[in-house]
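**Student:** Pasting work00.cif below, which is mmCIF, C-alpha atoms.
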data_input
loop_
_atom_site.label_atom_id
_atom_site.label_comp_id
_atom_site.auth_asym_id
_atom_site.auth_seq_id
_atom_site.Cartn_x
_atom_site.Cartn_y
_atom_site.Cartn_z
CA MET N 28 5.82 -26.81 0.22
CA ILE N 29 3.04 -24.78 -1.38
CA ASP N 30 3.79 -22.00 1.12
CA ILE N 31 7.30 -21.70 -0.27
CA VAL N 32 5.97 -21.46 -3.83
CA ILE N 33 3.51 -18.73 -2.80
CA ASP N 34 6.22 -16.86 -0.88
CA ILE N 35 8.67 -16.94 -3.76
CA THR N 36 6.05 -15.90 -6.31
CA LEU N 37 4.76 -13.01 -4.20
CA LEU N 38 8.29 -11.82 -3.42
CA ALA N 39 9.19 -11.99 -7.12
CA PHE N 40 6.10 -9.89 -7.91
CA LEU N 41 7.20 -7.43 -5.19
CA ALA N 42 10.65 -7.11 -6.76
CA ILE N 43 9.21 -6.62 -10.26
CA THR N 44 6.79 -3.98 -8.97
CA SER N 45 9.53 -2.10 -7.10
CA VAL N 46 11.83 -1.97 -10.11
CA ALA N 47 8.94 -0.82 -12.29
CA ILE N 48 8.03 1.91 -9.77
CA VAL N 49 11.60 3.20 -9.78
CA ARG N 50 11.91 3.21 -13.57
CA MET N 51 8.50 4.62 -14.53
CA THR N 52 7.77 8.30 -15.09
CA ASN N 53 3.97 8.18 -15.38
CA LEU N 54 2.90 9.18 -11.88
CA PHE N 55 -0.62 7.78 -12.18
CA ALA N 56 0.78 4.37 -13.13
CA ILE N 57 3.18 4.59 -10.18
CA VAL N 58 0.29 5.19 -7.77
CA MET N 59 -1.52 2.19 -9.24
CA LEU N 60 1.63 0.10 -8.77
CA PHE N 61 1.85 1.33 -5.15
CA GLY N 62 -1.59 -0.17 -4.65
CA ILE N 63 -0.43 -3.48 -6.14
CA PHE N 64 2.71 -3.36 -3.96
CA SER N 65 0.74 -3.00 -0.79
CA LEU N 66 -1.78 -5.68 -1.80
CA LEU N 67 1.19 -7.99 -2.40
CA SER N 68 2.72 -7.26 1.00
CA ALA N 69 -0.66 -7.74 2.66
CA GLY N 70 -0.91 -11.12 0.96
CA LEU N 71 2.56 -11.99 2.24
CA PHE N 72 1.50 -11.05 5.78
CA VAL N 73 -1.49 -13.37 5.48
CA VAL N 74 0.75 -16.19 4.29
CA MET N 75 2.97 -15.56 7.34
CA ASP N 76 -0.07 -15.96 9.66
CA ALA N 77 -0.30 -12.28 10.65
CA PRO N 78 -3.85 -11.38 9.60
CA ASP N 79 -4.07 -8.31 11.87
CA VAL N 80 -0.95 -6.80 10.31
CA ALA N 81 -2.36 -7.61 6.88
CA PHE N 82 -5.58 -5.92 7.90
CA THR N 83 -3.70 -2.70 8.73
CA GLU N 84 -1.59 -2.92 5.59
CA ALA N 85 -4.65 -3.33 3.37
CA ALA N 86 -6.62 -0.54 5.04
CA VAL N 87 -3.77 1.98 5.22
CA GLY N 88 -1.50 0.95 2.37
CA ALA N 89 -3.93 -0.10 -0.33
CA GLY N 90 -6.93 1.97 0.72
CA ILE N 91 -6.19 5.29 2.35
CA SER N 92 -2.73 6.03 0.99
CA THR N 93 -3.78 5.27 -2.59
CA VAL N 94 -6.64 7.74 -2.26
CA LEU N 95 -4.33 10.33 -0.66
CA MET N 96 -1.73 9.87 -3.39
CA LEU N 97 -4.41 10.29 -6.03
CA ALA N 98 -5.64 13.45 -4.27
CA THR N 99 -2.07 14.77 -4.29
CA LEU N 100 -1.73 13.83 -7.92
CA ALA N 101 -4.87 15.80 -8.70
CA LEU N 102 -3.29 18.95 -7.23
CA VAL N 103 0.02 18.67 -9.06
CA LYS N 104 0.72 18.04 -12.71
CA ARG N 105 0.36 14.51 -14.04
CA PRO N 106 3.74 13.61 -15.63
CA GLN N 107 6.96 13.62 -13.68
CA LYS N 108 9.53 16.06 -14.99
CA PRO N 109 12.57 14.27 -16.41
CA TYR N 110 15.28 14.96 -13.89
CA TYR N 111 18.18 12.69 -14.69
CA GLY N 112 18.27 13.69 -18.32
CA GLU N 113 18.84 17.35 -17.49
CA ALA N 114 20.79 17.33 -14.26
CA PRO N 115 24.56 17.44 -14.63
CA GLN N 116 26.34 14.25 -13.65
CA SER N 117 28.24 15.39 -10.58
CA HIS N 118 29.44 11.95 -9.50
CA ARG N 119 30.29 8.65 -11.12
CA ALA N 120 27.61 6.00 -11.24
CA TRP N 121 29.78 3.24 -9.76
CA LEU N 122 30.08 4.96 -6.36
CA PRO N 123 26.39 4.58 -5.40
CA LEU N 124 26.49 1.04 -6.81
CA ILE N 125 29.35 0.14 -4.47
CA VAL N 126 27.59 1.77 -1.50
CA VAL N 127 24.39 -0.13 -2.26
CA ALA N 128 26.25 -3.42 -2.71
CA VAL N 129 28.16 -3.02 0.58
CA THR N 130 25.00 -2.05 2.50
CA GLY N 131 23.07 -4.92 0.96
CA SER N 132 25.71 -7.50 1.79
CA ALA N 133 25.93 -6.15 5.36
CA LEU N 134 22.17 -6.58 5.71
CA VAL N 135 22.27 -10.10 4.24
CA TYR N 136 25.14 -10.91 6.63
CA GLY N 137 22.98 -9.63 9.49
CA THR N 138 20.12 -11.97 8.56
CA TRP N 139 22.33 -15.03 9.23
CA ASP N 140 21.97 -14.53 12.97
CA ILE N 141 18.20 -14.08 12.90
CA PRO N 142 16.40 -17.16 14.26
CA GLY N 143 14.22 -19.04 11.81
CA PHE N 144 10.63 -18.04 11.10
CA GLY N 145 8.50 -19.23 14.03
CA ALA N 146 11.46 -20.89 15.79
CA PRO N 147 10.45 -21.84 19.37
CA ASP N 148 13.79 -20.69 20.87
CA ALA N 149 13.65 -17.23 19.28
CA PRO N 150 13.92 -14.32 21.77
CA ALA N 151 10.47 -13.13 20.72
CA GLN N 152 8.99 -16.41 21.95
CA SER N 153 11.13 -17.05 25.03
CA HIS N 154 11.65 -13.65 26.65
CA VAL N 155 8.44 -12.05 28.01
CA ALA N 156 5.86 -13.67 25.77
CA ARG N 157 5.29 -16.52 28.24
CA TYR N 158 4.33 -14.07 31.00
CA TYR N 159 1.68 -12.46 28.81
CA ILE N 160 0.35 -15.81 27.59
CA GLU N 161 -0.04 -17.04 31.17
CA ASN N 162 -1.26 -13.90 32.96
CA THR N 163 -3.12 -11.76 30.44
CA MET N 164 -6.52 -13.27 31.11
CA GLN N 165 -6.29 -12.91 34.90
CA GLU N 166 -4.78 -9.41 34.87
CA THR N 167 -6.79 -7.69 32.16
CA GLY N 168 -9.68 -9.95 31.18
CA VAL N 169 -9.02 -9.35 27.49
CA PRO N 170 -9.08 -12.61 25.50
CA ASN N 171 -6.79 -11.36 22.68
CA ILE N 172 -3.20 -11.02 23.92
CA VAL N 173 -2.15 -8.49 21.29
CA THR N 174 -5.13 -6.31 22.11
CA ALA N 175 -4.41 -6.65 25.83
CA VAL N 176 -0.80 -5.51 25.36
CA LEU N 177 -1.79 -2.60 23.12
CA ALA N 178 -4.82 -1.35 25.01
CA SER N 179 -4.10 -2.33 28.60
CA TYR N 180 -0.43 -2.92 29.38
CA ARG N 181 0.69 -0.17 27.02
CA GLY N 182 -2.42 1.98 27.22
CA PHE N 183 -0.63 5.32 27.58
CA ASP N 184 1.68 4.50 24.68
CA THR N 185 -1.32 3.72 22.51
CA LEU N 186 -2.98 6.94 23.64
CA GLY N 187 0.07 8.85 22.42
CA GLU N 188 0.02 7.04 19.09
CA VAL N 189 -3.67 7.75 18.64
CA THR N 190 -3.00 11.42 19.39
CA VAL N 191 -0.32 11.49 16.69
CA ILE N 192 -2.66 9.84 14.18
CA PHE N 193 -5.47 12.24 15.10
CA THR N 194 -3.17 15.23 14.60
CA ALA N 195 -2.03 13.88 11.25
CA ALA N 196 -5.62 13.29 10.15
CA VAL N 197 -6.62 16.83 11.13
CA ALA N 198 -3.62 18.24 9.27
CA VAL N 199 -4.37 16.22 6.13
CA LEU N 200 -8.04 17.21 6.22
CA LEU N 201 -7.06 20.87 6.56
CA LEU N 202 -4.65 20.53 3.65
CA ILE N 203 -6.81 18.70 1.13
CA GLY N 204 -10.36 19.21 2.31
CA GLY N 205 -10.50 22.61 3.97
CA LYS N 206 -11.57 25.91 2.47
CA ARG N 207 -9.01 26.86 -0.10
CA SER N 208 -8.31 30.21 -1.61
CA LYS N 209 -9.29 30.01 -5.24
CA PRO N 210 -6.36 29.33 -7.56
CA ALA N 211 -5.81 31.75 -10.41
CA VAL N 212 -6.45 29.16 -13.09
CA LYS N 213 -10.24 29.35 -12.91
CA THR N 214 -12.34 31.51 -15.14
CA ASN N 215 -14.46 34.26 -13.62
CA LYS N 216 -17.71 32.36 -13.94
CA LYS N 217 -16.38 29.41 -12.01
CA GLY N 218 -15.01 31.69 -9.31
CA GLU N 219 -18.38 33.29 -8.77
CA GLN N 220 -20.02 29.89 -8.47
CA ASP N 221 -17.52 28.88 -5.84
CA GLU N 222 -18.07 32.01 -3.80
CA ALA N 223 -21.82 31.62 -3.85
CA MET K 18 -7.50 -29.12 -5.56
CA PHE K 19 -6.64 -26.15 -3.36
CA ILE K 20 -3.07 -26.27 -4.61
CA THR K 21 -4.23 -26.12 -8.22
CA ALA K 22 -6.49 -23.18 -7.39
CA LEU K 23 -3.62 -21.38 -5.63
CA LEU K 24 -1.28 -21.88 -8.57
CA ALA K 25 -3.93 -20.70 -11.02
CA ILE K 26 -4.54 -17.57 -8.91
CA LEU K 27 -0.81 -16.86 -8.80
CA VAL K 28 -0.57 -17.15 -12.59
CA THR K 29 -3.51 -14.77 -12.98
CA MET K 30 -1.84 -12.34 -10.57
CA GLY K 31 1.23 -12.42 -12.80
CA LEU K 32 -0.86 -11.68 -15.87
CA ALA K 33 -2.61 -8.78 -14.13
CA LEU K 34 0.76 -7.43 -12.98
CA ALA K 35 2.05 -7.61 -16.56
CA ARG K 36 -0.98 -5.63 -17.74
CA ALA K 37 -0.43 -3.02 -15.00
CA LEU K 38 3.21 -2.66 -16.04
CA ALA K 39 2.65 -2.59 -19.78
CA GLY K 40 -0.84 -1.12 -20.02
CA PRO K 41 -0.73 1.70 -22.51
CA THR K 42 -3.85 3.52 -21.30
CA THR K 43 -4.91 4.61 -17.85
CA TYR K 44 -7.96 2.36 -17.90
CA ASP K 45 -5.81 -0.70 -18.53
CA ARG K 46 -3.90 0.05 -15.36
CA ILE K 47 -7.04 0.70 -13.30
CA ALA K 48 -8.57 -2.55 -14.52
CA ALA K 49 -5.31 -4.36 -13.76
CA VAL K 50 -5.18 -3.03 -10.19
CA ASN K 51 -8.84 -3.91 -9.65
CA MET K 52 -8.19 -7.40 -10.96
CA PHE K 53 -5.08 -7.72 -8.80
CA GLY K 54 -7.08 -6.78 -5.72
CA THR K 55 -9.72 -9.37 -6.62
CA LYS K 56 -7.01 -11.99 -7.03
CA THR K 57 -5.60 -11.07 -3.60
CA VAL K 58 -9.07 -11.57 -2.09
CA LEU K 59 -9.33 -14.96 -3.81
CA LEU K 60 -5.82 -15.94 -2.72
CA ILE K 61 -6.62 -15.14 0.90
CA ALA K 62 -9.94 -17.01 0.70
CA VAL K 63 -8.32 -20.13 -0.77
CA LEU K 64 -5.53 -19.88 1.82
CA ALA K 65 -8.16 -19.70 4.55
CA PHE K 66 -9.65 -23.01 3.39
CA PHE K 67 -6.24 -24.51 2.69
CA THR K 68 -4.90 -23.80 6.19
CA GLY K 69 -8.25 -24.21 7.94
CA ARG K 70 -8.27 -20.69 9.39
CA SER K 71 -11.74 -19.39 8.72
CA ASP K 72 -11.05 -15.99 10.36
CA LEU K 73 -9.01 -15.05 7.32
CA LEU K 74 -12.28 -14.77 5.40
CA ASP K 75 -13.06 -11.51 7.25
CA ILE K 76 -9.78 -10.08 5.94
CA ALA K 77 -10.79 -11.09 2.42
CA LEU K 78 -14.09 -9.23 2.82
CA VAL K 79 -12.31 -6.07 4.00
CA TYR K 80 -9.96 -6.33 1.03
CA ALA K 81 -12.89 -6.47 -1.34
CA LEU K 82 -14.36 -3.29 0.19
CA ILE K 83 -11.03 -1.44 0.15
CA ASN K 84 -10.40 -2.48 -3.43
CA PHE K 85 -13.77 -1.07 -4.44
CA ILE K 86 -13.15 2.26 -2.68
CA GLY K 87 -9.72 2.60 -4.25
CA VAL K 88 -10.97 1.94 -7.76
CA VAL K 89 -13.87 4.38 -7.32
CA ALA K 90 -11.39 7.05 -6.15
CA ALA K 91 -9.11 6.40 -9.12
CA LEU K 92 -11.99 6.56 -11.58
CA LYS K 93 -13.29 9.75 -9.98
CA LEU K 94 -9.88 11.32 -10.37
CA VAL K 95 -9.65 10.28 -14.01
CA THR K 96 -13.12 11.59 -14.90
CA GLN K 97 -13.01 14.84 -12.93
CA GLY K 98 -9.32 15.63 -12.93
CA ASN K 99 -9.50 16.48 -9.21
CA PHE K 100 -11.27 15.61 -5.99
CA HIS K 101 -12.25 19.01 -4.62
CA CYS K 102 -14.30 20.63 -7.36
CA PRO K 103 -16.68 18.53 -9.46
CA ASP K 104 -17.45 21.36 -11.90
CA CYS K 105 -14.00 22.25 -13.14
CA ASN K 106 -12.40 19.40 -15.02
CA GLU K 107 -8.82 19.08 -16.03
CA SER K 108 -9.10 20.43 -19.56
CA GLU K 109 -10.48 23.71 -18.25
CA ALA K 110 -7.69 23.92 -15.71
CA ARG K 111 -5.15 23.40 -18.46
CA GLN K 112 -6.78 26.12 -20.53
CA GLY K 113 -6.56 28.44 -17.56
CA GLU K 114 -2.89 27.71 -17.09
CA SER K 115 -2.02 28.72 -20.59
CA LYS K 116 -3.70 32.10 -20.21
#
I'd like the structure from this file rewritten - as structure tokens, please.

**Tutor:**
Amino acid sequence: MIDIVIDITLLAFLAITSVAIVRMTNLFAIVMLFGIFSLLSAGLFVVMDAPDVAFTEAAVGAGISTVLMLATLALVKRPQKPYYGEAPQSHRAWLPLIVVAVTGSALVYGTWDIPGFGAPDAPAQSHVARYYIENTMQETGVPNIVTAVLASYRGFDTLGEVTVIFTAAVAVLLLIGGKRSKPAVKTNKKGEQDEA
Amino acid sequence: MFITALLAILVTMGLALARALAGPTTYDRIAAVNMFGTKTVLLIAVLAFFTGRSDLLDIALVYALINFIGVVAALKLVTQGNFHCPDCNESEARQGESK
């Protein structure tokens, strides 16, 4: 019972935050709201008994990406330029509304066939999960089944993912942390200090 | 007792969210996000006791650390105006742009 109350409250907070993010123009406030959004979703993951997913969401969503967004914000100007006020209205506003409504109702219609949360006859529970639950310990010796699947059964796949993440990290470090050519906005004194 | 604590934490989360949405100054928003992160840590800790899963407490600890790092980064950005150069603050950069 209390789980339902927590779920509904957190989801309502998520909806409020998303609408506020869309409607705001202060980019710093939007980055702060991104942090709140990802803390909320991490809390939802914890409520749904997925602490490892919540771990990743908190570390990547609330921690690293907030810092990266702030670093990006430091390189560009603070306020967002008003776009919709200046751009000519090339299409009527009801067309995107209809598209969104149709897509949304198709998605809601699709959720009717999804088995209930934690249902024992769901395909996720009945297909191959039993094999891993029974044989993981003998075949790999890893006590955590998720870790065994990620690091042993799918080891090459994980290696590829780690390579992608490593490449992305190197690229980001080169972009925001590497030696930069001095922008023209600095005064001469500052430029000399930087060169020295 | 746990249920009362959970409801109180949810109400406080709502108040912090309202401050983050409405907050007129930057510091209001930073304080609101910091408070929201603290409330998430508390929510997870109370949930850990409520459901009897003590391993969730580790997650709460990591959240506290991440929250701290995020707030320090935000404050550093607000004071310095950037991350890469501690000497040149934002007002000087704006002066340079106008020239």

**Student:** For the interface of chain N with chain K (cut-off 8 Å, counting only C-alpha atoms), please tabulate each contacting residue of chain N alongside its nearest pair of atoms and their separation in Å to one decimal, rows sorted by chain and increasing number, as a Markdown table.

**Tutor:**
| residue | atom | partner | partner_atom | distance |
| --- | --- | --- | --- | --- |
| N:Ile29 | CA | K:Ile20 | CA | 7.1 |
| N:Ile33 | CA | K:Leu27 | CA | 7.6 |
| N:Thr36 | CA | K:Leu27 | CA | 7.4 |
| N:Phe40 | CA | K:Gly31 | CA | 7.4 |
| N:Ala47 | CA | K:Leu38 | CA | 7.1 |
| N:Phe55 | CA | K:Thr43 | CA | 7.8 |
| N:Ala56 | CA | K:Arg46 | CA | 6.7 |
| N:Met59 | CA | K:Val50 | CA | 6.4 |
| N:Leu60 | CA | K:Ala37 | CA | 7.3 |
| N:Gly62 | CA | K:Val50 | CA | 7.2 |
| N:Ile63 | CA | K:Val50 | CA | 6.3 |
| N:Leu66 | CA | K:Gly54 | CA | 6.7 |
| N:Leu67 | CA | K:Thr57 | CA | 7.6 |
| N:Gly70 | CA | K:Thr57 | CA | 6.5 |
| N:Val73 | CA | K:Ile61 | CA | 7.1 |
| N:Val74 | CA | K:Leu64 | CA | 7.7 |
| N:Pro78 | CA | K:Leu73 | CA | 6.7 |
| N:Ala81 | CA | K:Ile76 | CA | 7.9 |
| N:Phe82 | CA | K:Ile76 | CA | 6.2 |
| N:Ala85 | CA | K:Tyr80 | CA | 6.5 |
| N:Ala86 | CA | K:Ile83 | CA | 6.6 |
| N:Ala89 | CA | K:Ile83 | CA | 7.2 |
| N:Gly90 | CA | K:Ile83 | CA | 5.4 |
| N:Ile91 | CA | K:Gly87 | CA | 8.0 |
| N:Thr93 | CA | K:Gly87 | CA | 6.7 |
| N:Val94 | CA | K:Ala90 | CA | 6.2 |
| N:Leu97 | CA | K:Ala91 | CA | 6.8 |
| N:Ala98 | CA | K:Phe100 | CA | 6.3 |
| N:Ala101 | CA | K:Asn99 | CA | 4.7 |
| N:Leu102 | CA | K:Asn99 | CA | 7.0 |
| N:Ile203 | CA | K:His101 | CA | 7.9 |
| N:Gly204 | CA | K:His101 | CA | 7.2 |
| N:Ala211 | CA | K:Gly113 | CA | 7.9 |
| N:Val212 | CA | K:Gly113 | CA | 4.5 |
| N:Lys213 | CA | K:Gly113 | CA | 6.0 |
| N:Thr214 | CA | K:Gly113 | CA | 7.0 |
| N:Lys217 | CA | K:Cys105 | CA | 7.6 |

**Student:** Calculate how many Å separate CA of Ala62 (chain K) from CA of Ile31 (chain N), rounding to one decimal.

**Tutor:**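 Those two atoms sit 17.9 Å apart.
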
**Student:** What residues come out when you apply the PyMOL selection byres ((chain N and resi 172) around 12) to this file, written as a ChimeraX atom specification?

**Tutor:** /N:156-171,173-181

**Student:** Using all atoms listed in the file for the distances, tell me which of N:Leu54, N:Asp148, N:Met28, N:Phe64 is nearest to Leu41 (chain N).

**Tutor:**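 Answer, going by the shortest atom-to-atom distance: N:Phe64.
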
**Student:** Just the number, please: distance in Å from CA of Leu74 (chain K) to CA of Leu59 (chain K), one decimal.

**Tutor:**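 Between these atoms lies a distance of 9.7 Å.
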
**Student:** Have a look at CA of Ala69 (chain N) and CA of Glu84 (chain N) and let me know their distance in Å, one decimal.

**Tutor:**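 CA of Glu84 (chain N) lies at a distance of 5.7 Å from CA of Ala69 (chain N).
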
**Student:** Could you tell me which of N:Ile125, N:Ile48, N:Asp30, N:Glu188 comes closest to Asp76 (chain N) if we count only C-alpha atoms?

**Tutor:**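 Between N:Ile125, N:Ile48, N:Asp30, N:Glu188, the residue approaching Asp76 (chain N) most closely is N:Asp30.
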